[in-house]
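Student: Before I ask anything, let me first share the structure, which is written out below as structure tokens.
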Amino acid sequence: MITLSQIIKKTCTQYAEKIAVVDKRRELTYQQLKEEACQLASALLSRGFQKGDRIGILSANRVEHIVIDLAVAMTGLIKVPINTKLHPKEIQFILENAKANLVIGEISLLKTINFTGDRVTFENDYNSFL
């Protein structure tokens, strides 16, 4: 059986120089997407996250969201996507109910919740987390 991780790596090799994702801030080729996803996957594992741990994503559409999706697939972590339009109490409930170990997202959204686990903001922490 072929895994999602294998599909990602094959596609990124086959279309390495083609544009894979674009948002208002930046664009990545398939090669760059693969490299950043592998870098994030490595960062998550080196910080002790293990297969089955839950990672919350609280973000509008952006390149990093795709990178997180791929890194989670590569590591066996579980993605907990959260709608940015939800009330902070609903977001809090989702994170607690899912037993999320980490939440990654936009600072404007993360500052509205009382999350006791680790958090990474795109604006301040994401690049150094990698």
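For the structure tokens, the naming scheme is as follows: chains receive sequential letters (A, B, ...) according to their order of presentation, residues are indexed from 1 within each chain, and ligands are indexed from 1 in presentation order.
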Hey, what's within 12 Å of Thr13 (chain A) if we count only C-alpha atoms and toss same-chain stuff fewer than 2 positions away? As a list in words, please?

Tutor: Gln6, Ile7, Ile8, Lys9, Lys10, Thr11, Tyr15, Ala16, Glu17, Lys18, Ala20, Thr29, Tyr30, Gln31, Gln32, Leu33, Lys34 and Glu35 of chain A

Student: Please report as a Markdown table every residue of region 63-125 of chain A lying within 10 Å of region 36-44 of chain A, along with the nearest atom pair and their distance in Å (one decimal), using only C-alpha atoms.

Tutor:
| residue | atom | partner | partner_atom | distance |
| --- | --- | --- | --- | --- |
| A:Glu64 | CA | A:Ala37 | CA | 9.0 |
| A:Ile66 | CA | A:Ala37 | CA | 8.5 |
| A:Val67 | CA | A:Ala37 | CA | 5.0 |
| A:Ile68 | CA | A:Ala37 | CA | 6.7 |
| A:Asp69 | CA | A:Ala37 | CA | 8.3 |
| A:Leu70 | CA | A:Ala37 | CA | 5.9 |
| A:Ala71 | CA | A:Ala41 | CA | 4.6 |
| A:Val72 | CA | A:Ala41 | CA | 6.8 |
| A:Ala73 | CA | A:Ala41 | CA | 8.8 |
| A:Met74 | CA | A:Ala41 | CA | 6.7 |
| A:Thr75 | CA | A:Ala41 | CA | 6.2 |
| A:Gly76 | CA | A:Ala41 | CA | 9.6 |
| A:Leu77 | CA | A:Leu44 | CA | 9.3 |
| A:Leu102 | CA | A:Leu44 | CA | 9.8 |

Student: Quick one: everything within 10 Å of Asn83 (chain A), counting only C-alpha atoms, minus sequence neighbours fewer than 6 positions away in the same chain. Send it as number ranges by chain.

Tutor: A: 57-60, 90-91

Student: So that I have them on file, write out the residues from the current selection with all heavy atoms, as a tab-separated table (two decimals), in the first residue's frame.

Tutor:
chain	number	residue	atom	x	y	z
A	57	ILE	N	-4.73	23.37	14.44
A	57	ILE	CA	-4.38	24.41	13.47
A	57	ILE	C	-5.51	25.43	13.46
A	57	ILE	O	-6.65	25.11	13.13
A	57	ILE	CB	-4.18	23.83	12.05
A	57	ILE	CG1	-3.12	22.73	12.06
A	57	ILE	CG2	-3.79	24.95	11.08
A	57	ILE	CD1	-2.99	22.02	10.73
A	58	LEU	N	-5.16	26.65	13.85
A	58	LEU	CA	-6.12	27.74	13.92
A	58	LEU	C	-5.63	28.84	13.00
A	58	LEU	O	-4.85	29.70	13.39
A	58	LEU	CB	-6.24	28.23	15.37
A	58	LEU	CG	-7.27	29.30	15.67
A	58	LEU	CD1	-8.66	28.85	15.25
A	58	LEU	CD2	-7.26	29.64	17.15
A	59	SER	N	-6.04	28.75	11.74
A	59	SER	CA	-5.46	29.61	10.73
A	59	SER	C	-6.40	29.82	9.56
A	59	SER	O	-7.12	28.91	9.16
A	59	SER	CB	-4.17	28.95	10.21
A	59	SER	OG	-3.70	29.58	9.06
A	60	ALA	N	-6.34	31.02	9.00
A	60	ALA	CA	-6.99	31.27	7.72
A	60	ALA	C	-6.17	30.55	6.65
A	60	ALA	O	-5.10	30.00	6.95
A	60	ALA	CB	-7.02	32.78	7.45
A	90	GLU	N	-15.76	27.88	21.87
A	90	GLU	CA	-15.87	26.69	21.03
A	90	GLU	C	-14.49	26.17	20.64
A	90	GLU	O	-14.26	24.97	20.63
A	90	GLU	CB	-16.70	27.01	19.78
A	90	GLU	CG	-18.14	27.33	20.08
A	90	GLU	CD	-18.88	27.85	18.86
A	90	GLU	OE1	-18.44	28.86	18.28
A	90	GLU	OE2	-19.90	27.24	18.50
A	91	ILE	N	-13.61	27.09	20.32
A	91	ILE	CA	-12.22	26.72	19.98
A	91	ILE	C	-11.57	26.03	21.17
A	91	ILE	O	-10.93	24.99	21.03
A	91	ILE	CB	-11.41	27.96	19.54
A	91	ILE	CG1	-11.99	28.53	18.23
A	91	ILE	CG2	-9.93	27.62	19.41
A	91	ILE	CD1	-11.44	29.88	17.84

Student: Using only C-alpha atoms, find the one residue out of A:Gln14, A:Asn61, A:Gln92, A:Ser46 that sits nearest to Thr112 (chain A).

Tutor: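 That would be A:Gln92, the residue with the smallest distance to Thr112 (chain A).
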
Student: As a VMD selection string, which residues of region 71-105 of chain A does DSSP assign to helix (DSSP H, G or I)?

Tutor: chain A and resid 71 to 75 88 to 98
